[in-house]
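Asks: One structure coming up, written as structure tokens, with questions to follow.
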Amino acid sequence: MKLALAVFALLALGDMGVADADRRFPPKPTAPVDVRLEARPARGGYDVTIVATPTADVAGLTLRVAGREQRVGTTPAGATRTFRVHVPIAAGEGADVVGSAAVDTHGGSRRRAAVLRVGAAPIAAPSPETIRTLPGGRRVSEAR
Amino acid sequence: MRRLAALACLAACGGDPEPPPPDASIVGVPGTYEVRGIVRYEDRPATLENNKAVVGAAVPMPARAVGVAVLDDATGTMLAEGTTGEDGAYALSFDALGGQDVHILVVAQSTTAARPLTISKPGNLIHGFGGQAFRAGLDTAHDVLVTEASKAAQAFNIFDVCLHTLDRVRSVYGVANPVPLTVFWSSGSNDGTYYDGNAIHLLGSSSDDDGYDDTVILHETGHYVEDKYGRSDSPGGSHGGAPTDPRLAWSEGFSTYWAMAIRDEPVYIDTNKDGGFGWNSDRDVTKANPAQPLDQRISEDTVTQVLWDLGDAGPDDDDPFDGVHDDVLSVQGEYLRTATLRPVGRAGVDLVDFLDGWFLKAGLTACEGTRAIVTTTRTFPYDYAGPAGACPAP
């Protein structure tokens, strides 16, 4: 049971976007919202929740998980909004679930995304890579 | 008869006749052999479709100015080294045994003084790509395509995009040998996209990969430019287009403008796994608050829009001022880098200080057009009383 929880916790961490806080150097221009995905096993799959927190007052907020969308509307900075979707996953299977939060801005919207793996881990073929050392000591990662 | 057939193909196919068959008698014979070809990489240009930022289908593009080497396929020993031309072409001579298996290694690095550029993985491993093995002396034409499947194509796209910045640094700021630029990107990297004062870091994560986001890459090179050839007093922090500290807005707005000026296109596109975003600095209008003082919080988008309108010209120009982007960009090096700033606005470089330098560059004949862009359209309350002198009242 402990092992199962540990595996689930690892999967739930996933690729949850990038935390901007406390970075000395400004990150690239972005949507003014922090997003992450959380998942818990549910009958026949997983319940996946997007957790979105605007970093500025926003006139509109739209949450999307696995292609399903919910309009939230005006949201103040620091207020967290969530949207949960059931994602069917067959036993022994897995999937990358995509979620995002779109913030209304002047003339359009800005969207920030997160990806979370639920279920079985993907079978990734190791990419062939060889380290070459060139004259002068330059080390090159040779992909093929 | 074979010659006739070859001539027929030349006429019908419109190309060179088939190369002569390889000389099998050189197998095992030590000699100096040649190989030539073209190196390309798979680019996936980002576009905006219905307000959704997406990367397009793979398009082979010439890998300009990259390192290229011939390696012994069995031992990895380097036999020759050179660089590709502007068309991705290379030609190398190397000593080997005839028929010996060798291959081409393409390296995302330029060590020339004019274009000092390296694209690395964490750990200072330079990105490279190895082509298929071929036989020395028997196969003398060998093209290489750096594929996306190898997870190296993005590195070569980043390299090509950054070349544009180094070339523009030389032409705008009169720098013969730009400060070396290193970019870190790797597939799966979740380190963020930012400039750290020494190098650029780009996301390669599954939710957000900036390897093909040319304007995002160029935005970060804009920070390199202001750091090395201009001035930034940005306090840092997150930013998303909302009004913010005017020094942060200036730094970010200039860097986005740098990206647009390099591409001569007023569009910023940042793709991600679920649509990303993009915007147009020529079409969009983000207003400042005319009732607030010069040191008001301001959107970086306002800064970018002002700079674009001052630099653009031609039939698509929707403002009354015909400018030159290089004139706008040059204010960084000619004024901001060394100027004693006026004690107005926020202490430190912001849009007010740029406008002061702009009038020194463009002269007071630019007053009317600049006023239309800055005051009328964007409602920023600039005082038109900088070191170039006061603009006449409208």
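Just remember, in the structure tokens the first chain shown is A, the second B, etc., residues are 1-based per chain, and ligands are 1-based in the order shown.
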Just want the 12 Å neighbourhood of Leu37 of chain A, counted on only C-alpha atoms, with same-chain residues fewer than 4 positions away dropped. Output as a ChimeraX atom specification.
Replies: /A:11-17,46-53,63-66,81-85,96-101,112-118 /B:207
Asks: Hey, what's within 10 Å of Asn177 of chain B if we count only C-alpha atoms and toss same-chain stuff fewer than 2 positions away? As a ChimeraX atom specification, please?
Replies: /B:112-116,166-167,169-170,174-175,179-180
Asks: Got time to write the residues from that selection, N, CA and C atoms, as a PDB file, in the first residue's frame?
Replies:
```
ATOM      1  N   THR B 112      33.458  31.052 -34.102  1.00  0.00           N
ATOM      2  CA  THR B 112      34.001  32.242 -34.755  1.00  0.00           C
ATOM      3  C   THR B 112      33.777  33.461 -33.866  1.00  0.00           C
ATOM      4  N   ALA B 113      34.679  34.438 -33.994  1.00  0.00           N
ATOM      5  CA  ALA B 113      34.572  35.629 -33.153  1.00  0.00           C
ATOM      6  C   ALA B 113      33.320  36.437 -33.481  1.00  0.00           C
ATOM      7  N   ALA B 114      32.867  36.365 -34.720  1.00  0.00           N
ATOM      8  CA  ALA B 114      31.701  37.150 -35.122  1.00  0.00           C
ATOM      9  C   ALA B 114      30.397  36.523 -34.641  1.00  0.00           C
ATOM     10  N   ARG B 115      30.404  35.197 -34.458  1.00  0.00           N
ATOM     11  CA  ARG B 115      29.169  34.513 -34.071  1.00  0.00           C
ATOM     12  C   ARG B 115      29.462  33.488 -32.967  1.00  0.00           C
ATOM     13  N   PRO B 116      29.893  33.931 -31.814  1.00  0.00           N
ATOM     14  CA  PRO B 116      30.228  32.978 -30.738  1.00  0.00           C
ATOM     15  C   PRO B 116      28.971  32.453 -30.060  1.00  0.00           C
ATOM     16  N   LEU B 166      22.924  37.730 -33.006  1.00  0.00           N
ATOM     17  CA  LEU B 166      24.346  38.103 -33.047  1.00  0.00           C
ATOM     18  C   LEU B 166      24.639  38.963 -34.277  1.00  0.00           C
ATOM     19  N   ASP B 167      24.027  38.630 -35.401  1.00  0.00           N
ATOM     20  CA  ASP B 167      24.246  39.425 -36.617  1.00  0.00           C
ATOM     21  C   ASP B 167      23.706  40.844 -36.440  1.00  0.00           C
ATOM     22  N   VAL B 169      23.290  42.421 -33.553  1.00  0.00           N
ATOM     23  CA  VAL B 169      24.142  43.110 -32.575  1.00  0.00           C
ATOM     24  C   VAL B 169      25.322  43.761 -33.286  1.00  0.00           C
ATOM     25  N   ARG B 170      25.910  43.026 -34.208  1.00  0.00           N
ATOM     26  CA  ARG B 170      27.065  43.586 -34.926  1.00  0.00           C
ATOM     27  C   ARG B 170      26.659  44.791 -35.766  1.00  0.00           C
ATOM     28  N   GLY B 174      27.538  48.171 -33.773  1.00  0.00           N
ATOM     29  CA  GLY B 174      28.902  48.330 -34.251  1.00  0.00           C
ATOM     30  C   GLY B 174      29.901  47.462 -33.526  1.00  0.00           C
ATOM     31  N   VAL B 175      29.458  46.286 -33.124  1.00  0.00           N
ATOM     32  CA  VAL B 175      30.314  45.363 -32.377  1.00  0.00           C
ATOM     33  C   VAL B 175      30.868  44.307 -33.327  1.00  0.00           C
ATOM     34  N   VAL B 179      29.723  39.448 -27.430  1.00  0.00           N
ATOM     35  CA  VAL B 179      29.971  38.626 -26.233  1.00  0.00           C
ATOM     36  C   VAL B 179      29.396  37.224 -26.489  1.00  0.00           C
ATOM     37  N   PRO B 180      30.168  36.168 -26.212  1.00  0.00           N
ATOM     38  CA  PRO B 180      29.661  34.811 -26.456  1.00  0.00           C
ATOM     39  C   PRO B 180      28.313  34.572 -25.797  1.00  0.00           C
TER      40      PRO B 180
END
```
Asks: Give me the residues within 8 Å of His106 of chain A as a JSON list (two decimals) with all heavy atoms, in the first residue's frame, counting only C-alpha atoms and dropping any in the same chain fewer than 2 places off.
Replies:
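Printed below is part.json as written:
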```json
[["chain", "number", "residue", "atom", "x", "y", "z"],
["A", 104, "ASP", "N", -8.35, 36.10, -19.66],
["A", 104, "ASP", "CA", -8.70, 37.15, -20.61],
["A", 104, "ASP", "C", -7.74, 38.32, -20.46],
["A", 104, "ASP", "O", -7.47, 38.77, -19.34],
["A", 104, "ASP", "CB", -10.13, 37.64, -20.35],
["A", 104, "ASP", "CG", -11.16, 36.57, -20.67],
["A", 104, "ASP", "OD1", -10.77, 35.50, -21.18],
["A", 104, "ASP", "OD2", -12.36, 36.82, -20.40],
["A", 108, "GLY", "N", -7.55, 39.52, -26.38],
["A", 108, "GLY", "CA", -7.48, 38.06, -26.53],
["A", 108, "GLY", "C", -7.35, 37.37, -25.20],
["A", 108, "GLY", "O", -7.96, 37.77, -24.21],
["A", 109, "SER", "N", -6.56, 36.32, -25.16],
["A", 109, "SER", "CA", -6.37, 35.60, -23.91],
["A", 109, "SER", "C", -4.96, 35.00, -23.88],
["A", 109, "SER", "O", -4.30, 34.89, -24.92],
["A", 109, "SER", "CB", -7.40, 34.48, -23.76],
["A", 109, "SER", "OG", -7.21, 33.50, -24.76],
["B", 284, "ASP", "N", -2.83, 45.64, -31.78],
["B", 284, "ASP", "CA", -3.35, 45.80, -30.42],
["B", 284, "ASP", "C", -2.98, 47.17, -29.85],
["B", 284, "ASP", "O", -1.92, 47.73, -30.18],
["B", 284, "ASP", "CB", -2.79, 44.72, -29.50],
["B", 284, "ASP", "CG", -3.29, 43.33, -29.87],
["B", 284, "ASP", "OD1", -4.10, 43.24, -30.82],
["B", 284, "ASP", "OD2", -2.86, 42.35, -29.26],
["B", 286, "THR", "N", -2.70, 48.95, -26.08],
["B", 286, "THR", "CA", -2.77, 48.85, -24.62],
["B", 286, "THR", "C", -2.46, 50.23, -24.06],
["B", 286, "THR", "O", -1.33, 50.72, -24.17],
["B", 286, "THR", "CB", -1.75, 47.82, -24.10],
["B", 286, "THR", "OG1", -1.95, 46.59, -24.79],
["B", 286, "THR", "CG2", -1.91, 47.61, -22.61]]
```
Asks: Which of these residues is nearest to chain B, using only C-alpha atoms: A:Thr62, A:Thr80, A:Gln70, A:Thr133?
Replies: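 Comparing A:Thr62, A:Thr80, A:Gln70, A:Thr133 against chain B, the winner is A:Thr133.
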Asks: Which residues in segment 159-384 of chain B does DSSP call helix (DSSP H, G or I)? List them as an MDAnalysis selection string.
Replies: chainID B and resid 159:173 214:229 246:263 300:311 325:336 351:362 364:377
Asks: Using only C-alpha atoms, pick whichever of A:Arg36, A:His86, A:Arg139, A:Lys28 has the shortest atom-to-atom distance to Ile269 of chain B.
Replies: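 Using only C-alpha atoms, the shortest distance to Ile269 of chain B belongs to A:Lys28.
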Asks: Which residues, written as an mmCIF file with N, CA and C atoms, in the first residue's frame, have at least one atom at most 12 Å from Ser141 of chain A, with only C-alpha atoms counted and residues fewer than 4 positions away on the same chain left out?
Replies:
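Resulting contents of around-v7.cif:
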```cif
data_model
loop_
_atom_site.group_PDB
_atom_site.id
_atom_site.type_symbol
_atom_site.label_atom_id
_atom_site.label_comp_id
_atom_site.auth_asym_id
_atom_site.auth_seq_id
_atom_site.Cartn_x
_atom_site.Cartn_y
_atom_site.Cartn_z
ATOM 1 N N SER A 127 16.694 7.160 -25.984
ATOM 2 C CA SER A 127 17.169 7.792 -27.214
ATOM 3 C C SER A 127 18.664 7.534 -27.350
ATOM 4 N N PRO A 128 19.096 7.070 -28.515
ATOM 5 C CA PRO A 128 20.516 6.791 -28.704
ATOM 6 C C PRO A 128 21.337 8.072 -28.568
ATOM 7 N N GLU A 129 22.268 8.068 -27.693
ATOM 8 C CA GLU A 129 23.078 9.264 -27.457
ATOM 9 C C GLU A 129 24.491 8.828 -27.092
ATOM 10 N N THR A 130 25.454 9.473 -27.693
ATOM 11 C CA THR A 130 26.845 9.161 -27.426
ATOM 12 C C THR A 130 27.570 10.455 -27.088
ATOM 13 N N ILE A 131 28.397 10.418 -26.062
ATOM 14 C CA ILE A 131 29.175 11.608 -25.718
ATOM 15 C C ILE A 131 30.483 11.572 -26.500
ATOM 16 N N ARG A 132 30.734 12.598 -27.293
ATOM 17 C CA ARG A 132 31.971 12.735 -28.059
ATOM 18 C C ARG A 132 32.800 13.860 -27.453
ATOM 19 N N THR A 133 34.081 13.641 -27.348
ATOM 20 C CA THR A 133 34.977 14.702 -26.888
ATOM 21 C C THR A 133 35.807 15.163 -28.072
ATOM 22 N N LEU A 134 35.641 16.437 -28.426
ATOM 23 C CA LEU A 134 36.338 17.000 -29.583
ATOM 24 C C LEU A 134 37.606 17.701 -29.123
ATOM 25 N N LEU B 105 29.212 14.333 -37.835
ATOM 26 C CA LEU B 105 28.688 14.865 -36.573
ATOM 27 C C LEU B 105 28.428 16.357 -36.761
ATOM 28 N N VAL B 106 27.202 16.760 -36.553
ATOM 29 C CA VAL B 106 26.844 18.176 -36.640
ATOM 30 C C VAL B 106 26.776 18.725 -35.214
ATOM 31 N N VAL B 107 27.384 19.891 -34.987
ATOM 32 C CA VAL B 107 27.509 20.430 -33.636
ATOM 33 C C VAL B 107 26.850 21.808 -33.567
ATOM 34 N N ALA B 108 25.983 22.014 -32.587
ATOM 35 C CA ALA B 108 25.267 23.289 -32.436
ATOM 36 C C ALA B 108 26.165 24.307 -31.743
ATOM 37 N N GLN B 109 27.243 24.624 -32.409
ATOM 38 C CA GLN B 109 28.194 25.595 -31.847
ATOM 39 C C GLN B 109 28.920 26.318 -32.975
ATOM 40 N N ILE B 119 24.781 25.978 -28.124
ATOM 41 C CA ILE B 119 23.517 25.480 -27.590
ATOM 42 C C ILE B 119 23.836 24.196 -26.822
ATOM 43 N N SER B 120 23.553 24.205 -25.524
ATOM 44 C CA SER B 120 23.994 23.121 -24.646
ATOM 45 C C SER B 120 22.841 22.469 -23.911
ATOM 46 N N LYS B 121 23.144 21.285 -23.427
ATOM 47 C CA LYS B 121 22.319 20.640 -22.417
ATOM 48 C C LYS B 121 22.885 21.015 -21.057
ATOM 49 N N PRO B 122 22.133 20.738 -19.992
ATOM 50 C CA PRO B 122 22.735 20.892 -18.666
ATOM 51 C C PRO B 122 24.014 20.059 -18.577
ATOM 52 N N GLY B 123 24.997 20.578 -17.852
ATOM 53 C CA GLY B 123 26.274 19.886 -17.771
ATOM 54 C C GLY B 123 27.231 20.298 -18.869
ATOM 55 N N ASN B 124 26.854 21.371 -19.594
ATOM 56 C CA ASN B 124 27.706 21.898 -20.665
ATOM 57 C C ASN B 124 28.008 20.860 -21.737
ATOM 58 N N LEU B 125 27.052 20.001 -22.000
ATOM 59 C CA LEU B 125 27.151 19.082 -23.141
ATOM 60 C C LEU B 125 26.552 19.781 -24.352
ATOM 61 N N ILE B 126 27.368 19.984 -25.370
ATOM 62 C CA ILE B 126 26.884 20.690 -26.554
ATOM 63 C C ILE B 126 25.984 19.749 -27.365
ATOM 64 N N HIS B 127 24.876 20.304 -27.868
ATOM 65 C CA HIS B 127 23.987 19.483 -28.689
ATOM 66 C C HIS B 127 24.673 19.099 -29.996
ATOM 67 N N GLY B 128 24.533 17.833 -30.351
ATOM 68 C CA GLY B 128 25.065 17.349 -31.616
ATOM 69 C C GLY B 128 24.144 16.326 -32.236
ATOM 70 N N PHE B 129 24.380 16.037 -33.505
ATOM 71 C CA PHE B 129 23.576 15.039 -34.206
ATOM 72 C C PHE B 129 24.487 14.262 -35.139
ATOM 73 N N GLY B 130 24.365 12.945 -35.102
ATOM 74 C CA GLY B 130 25.187 12.102 -35.964
ATOM 75 C C GLY B 130 24.401 11.567 -37.145
ATOM 76 N N SER B 150 14.978 12.837 -33.082
ATOM 77 C CA SER B 150 16.236 12.683 -32.341
ATOM 78 C C SER B 150 16.282 13.565 -31.096
ATOM 79 N N LYS B 151 15.301 14.485 -30.973
ATOM 80 C CA LYS B 151 15.247 15.462 -29.885
ATOM 81 C C LYS B 151 16.417 16.429 -29.926
ATOM 82 N N ALA B 152 16.964 16.633 -31.131
ATOM 83 C CA ALA B 152 18.051 17.600 -31.295
ATOM 84 C C ALA B 152 17.656 18.737 -32.242
ATOM 85 N N ALA B 155 17.348 22.217 -30.839
ATOM 86 C CA ALA B 155 18.614 22.880 -30.517
ATOM 87 C C ALA B 155 19.169 23.601 -31.743
ATOM 88 N N SER B 186 16.993 21.480 -23.271
ATOM 89 C CA SER B 186 16.991 20.040 -23.478
ATOM 90 C C SER B 186 15.571 19.529 -23.381
#
```
Asks: Excluding segment 48-60 of chain B and residues on its chain fewer than 6 positions from it, collect all residues at most 7 Å away from it, counting only C-alpha atoms, and give them as a PDB file with N, CA, C and O atoms, in the first residue's frame.
Replies:
```pdb
ATOM      1  N   ARG B  40      20.645  20.044 -42.868  1.00  0.00           N
ATOM      2  CA  ARG B  40      19.363  20.709 -42.603  1.00  0.00           C
ATOM      3  C   ARG B  40      18.833  20.215 -41.261  1.00  0.00           C
ATOM      4  O   ARG B  40      19.254  19.175 -40.760  1.00  0.00           O
ATOM      5  N   TYR B  41      17.901  20.991 -40.707  1.00  0.00           N
ATOM      6  CA  TYR B  41      17.230  20.561 -39.481  1.00  0.00           C
ATOM      7  C   TYR B  41      15.731  20.724 -39.675  1.00  0.00           C
ATOM      8  O   TYR B  41      15.291  21.527 -40.503  1.00  0.00           O
ATOM      9  N   GLU B  42      14.961  19.947 -38.931  1.00  0.00           N
ATOM     10  CA  GLU B  42      13.510  20.053 -39.020  1.00  0.00           C
ATOM     11  C   GLU B  42      13.022  21.192 -38.132  1.00  0.00           C
ATOM     12  O   GLU B  42      13.123  21.126 -36.898  1.00  0.00           O
ATOM     13  N   ILE B 269       4.502  34.922 -30.393  1.00  0.00           N
ATOM     14  CA  ILE B 269       3.790  33.642 -30.281  1.00  0.00           C
ATOM     15  C   ILE B 269       4.529  32.742 -29.303  1.00  0.00           C
ATOM     16  O   ILE B 269       5.725  32.508 -29.442  1.00  0.00           O
ATOM     17  N   ASP B 270       3.789  32.244 -28.311  1.00  0.00           N
ATOM     18  CA  ASP B 270       4.347  31.290 -27.346  1.00  0.00           C
ATOM     19  C   ASP B 270       3.435  30.072 -27.322  1.00  0.00           C
ATOM     20  O   ASP B 270       2.345  30.124 -26.762  1.00  0.00           O
ATOM     21  N   THR B 271       3.880  28.987 -27.930  1.00  0.00           N
ATOM     22  CA  THR B 271       3.048  27.786 -27.963  1.00  0.00           C
ATOM     23  C   THR B 271       3.203  27.012 -26.659  1.00  0.00           C
ATOM     24  O   THR B 271       4.214  27.116 -25.967  1.00  0.00           O
ATOM     25  N   GLY B 275      -2.371  25.298 -26.382  1.00  0.00           N
ATOM     26  CA  GLY B 275      -2.782  26.492 -27.119  1.00  0.00           C
ATOM     27  C   GLY B 275      -1.913  27.716 -26.953  1.00  0.00           C
ATOM     28  O   GLY B 275      -1.791  28.507 -27.877  1.00  0.00           O
ATOM     29  N   GLY B 276      -1.296  27.908 -25.796  1.00  0.00           N
ATOM     30  CA  GLY B 276      -0.400  29.047 -25.625  1.00  0.00           C
ATOM     31  C   GLY B 276      -1.093  30.377 -25.872  1.00  0.00           C
ATOM     32  O   GLY B 276      -2.297  30.528 -25.620  1.00  0.00           O
ATOM     33  N   PHE B 277      -0.366  31.323 -26.407  1.00  0.00           N
ATOM     34  CA  PHE B 277      -0.981  32.608 -26.725  1.00  0.00           C
ATOM     35  C   PHE B 277      -0.093  33.379 -27.689  1.00  0.00           C
ATOM     36  O   PHE B 277       1.064  33.040 -27.920  1.00  0.00           O
ATOM     37  N   GLY B 278      -0.676  34.406 -28.253  1.00  0.00           N
ATOM     38  CA  GLY B 278       0.075  35.286 -29.131  1.00  0.00           C
ATOM     39  C   GLY B 278      -0.628  36.618 -29.215  1.00  0.00           C
ATOM     40  O   GLY B 278      -1.790  36.743 -28.834  1.00  0.00           O
TER      41      GLY B 278
END
```
Asks: Given the choices A:Gly73, A:Pro32, A:Gly60, A:Gly67, which gets closest to chain B if the distance is worked out from only C-alpha atoms?
Replies: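 Distance minimum relative to chain B lands on A:Pro32.
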Asks: Could you pull the residues within 6 Å of Arg297 of chain B, counting only C-alpha atoms, minus those fewer than 4 positions along the same chain, as a PyMOL selection string?
Replies: chain B and resi 243-246
Asks: Create the file for the chosen residues now, containing C-alpha atoms and written as a compact mmCIF listing (two decimals), in the first residue's frame.
Replies:
```txt
# COMPACT_ATOMS: atom_id res chain seq x y z
CA PRO B 243 0.56 47.10 -15.51
CA THR B 244 3.74 46.58 -13.52
CA ASP B 245 6.88 48.35 -12.31
CA PRO B 246 7.88 50.62 -15.22
```
Asks: Would you mind listing what lies within 10 Å of Ala339 of chain B as a ChimeraX atom specification, with only C-alpha atoms counted and same-chain residues fewer than 2 positions away left out?
Replies: /B:231,332-337,341-342,349,353,357
Asks: Where in segment 267-306 of chain B does DSSP assign strand (DSSP E), given as a list in words?
Replies: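 These are the residues in question: Val267, Tyr268, Ile269, Asp270, Phe277, Gly278, Trp279 and Asn280 of chain B.
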Asks: Just to confirm, what's the straight-line distance from atom CA of Val324 of chain B to atom CA of Arg378 of chain B in Å (one decimal)?
Replies: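 Computing it gives 20.0 Å between the two atoms.
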Asks: Go through B:Ile262, B:Ala69, B:Leu364, B:Ile373 one by one, measure the shortest atom-to-atom distance of each to Val306 of chain B using only C-alpha atoms, and give the residue with the smallest value.
Replies: B:Ile373
Asks: Please determine, counting only C-alpha atoms, which residue among B:Gly311, B:Gly237, B:Gly211, B:Gly88 has the shortest atom-to-atom distance to Tyr257 of chain B.
Replies: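 That would be B:Gly311, the residue with the smallest distance to Tyr257 of chain B.
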Asks: With distances taken over only C-alpha atoms, which of B:Gly82, B:Pro293, B:Gly188, B:Gly99 is nearest to chain A?
Replies: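 Residue with the minimum atom-to-atom distance to chain A: B:Gly188.
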Asks: So how far away is atom CA of Thr118 of chain B from atom CA of Phe159 of chain B, in Å?
Replies: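 It comes out at 7.4 Å.
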Asks: Between atom CA of Pro45 of chain B and atom CA of Asp213 of chain B, what is the spacing in Å?
Replies: 7.5 Å
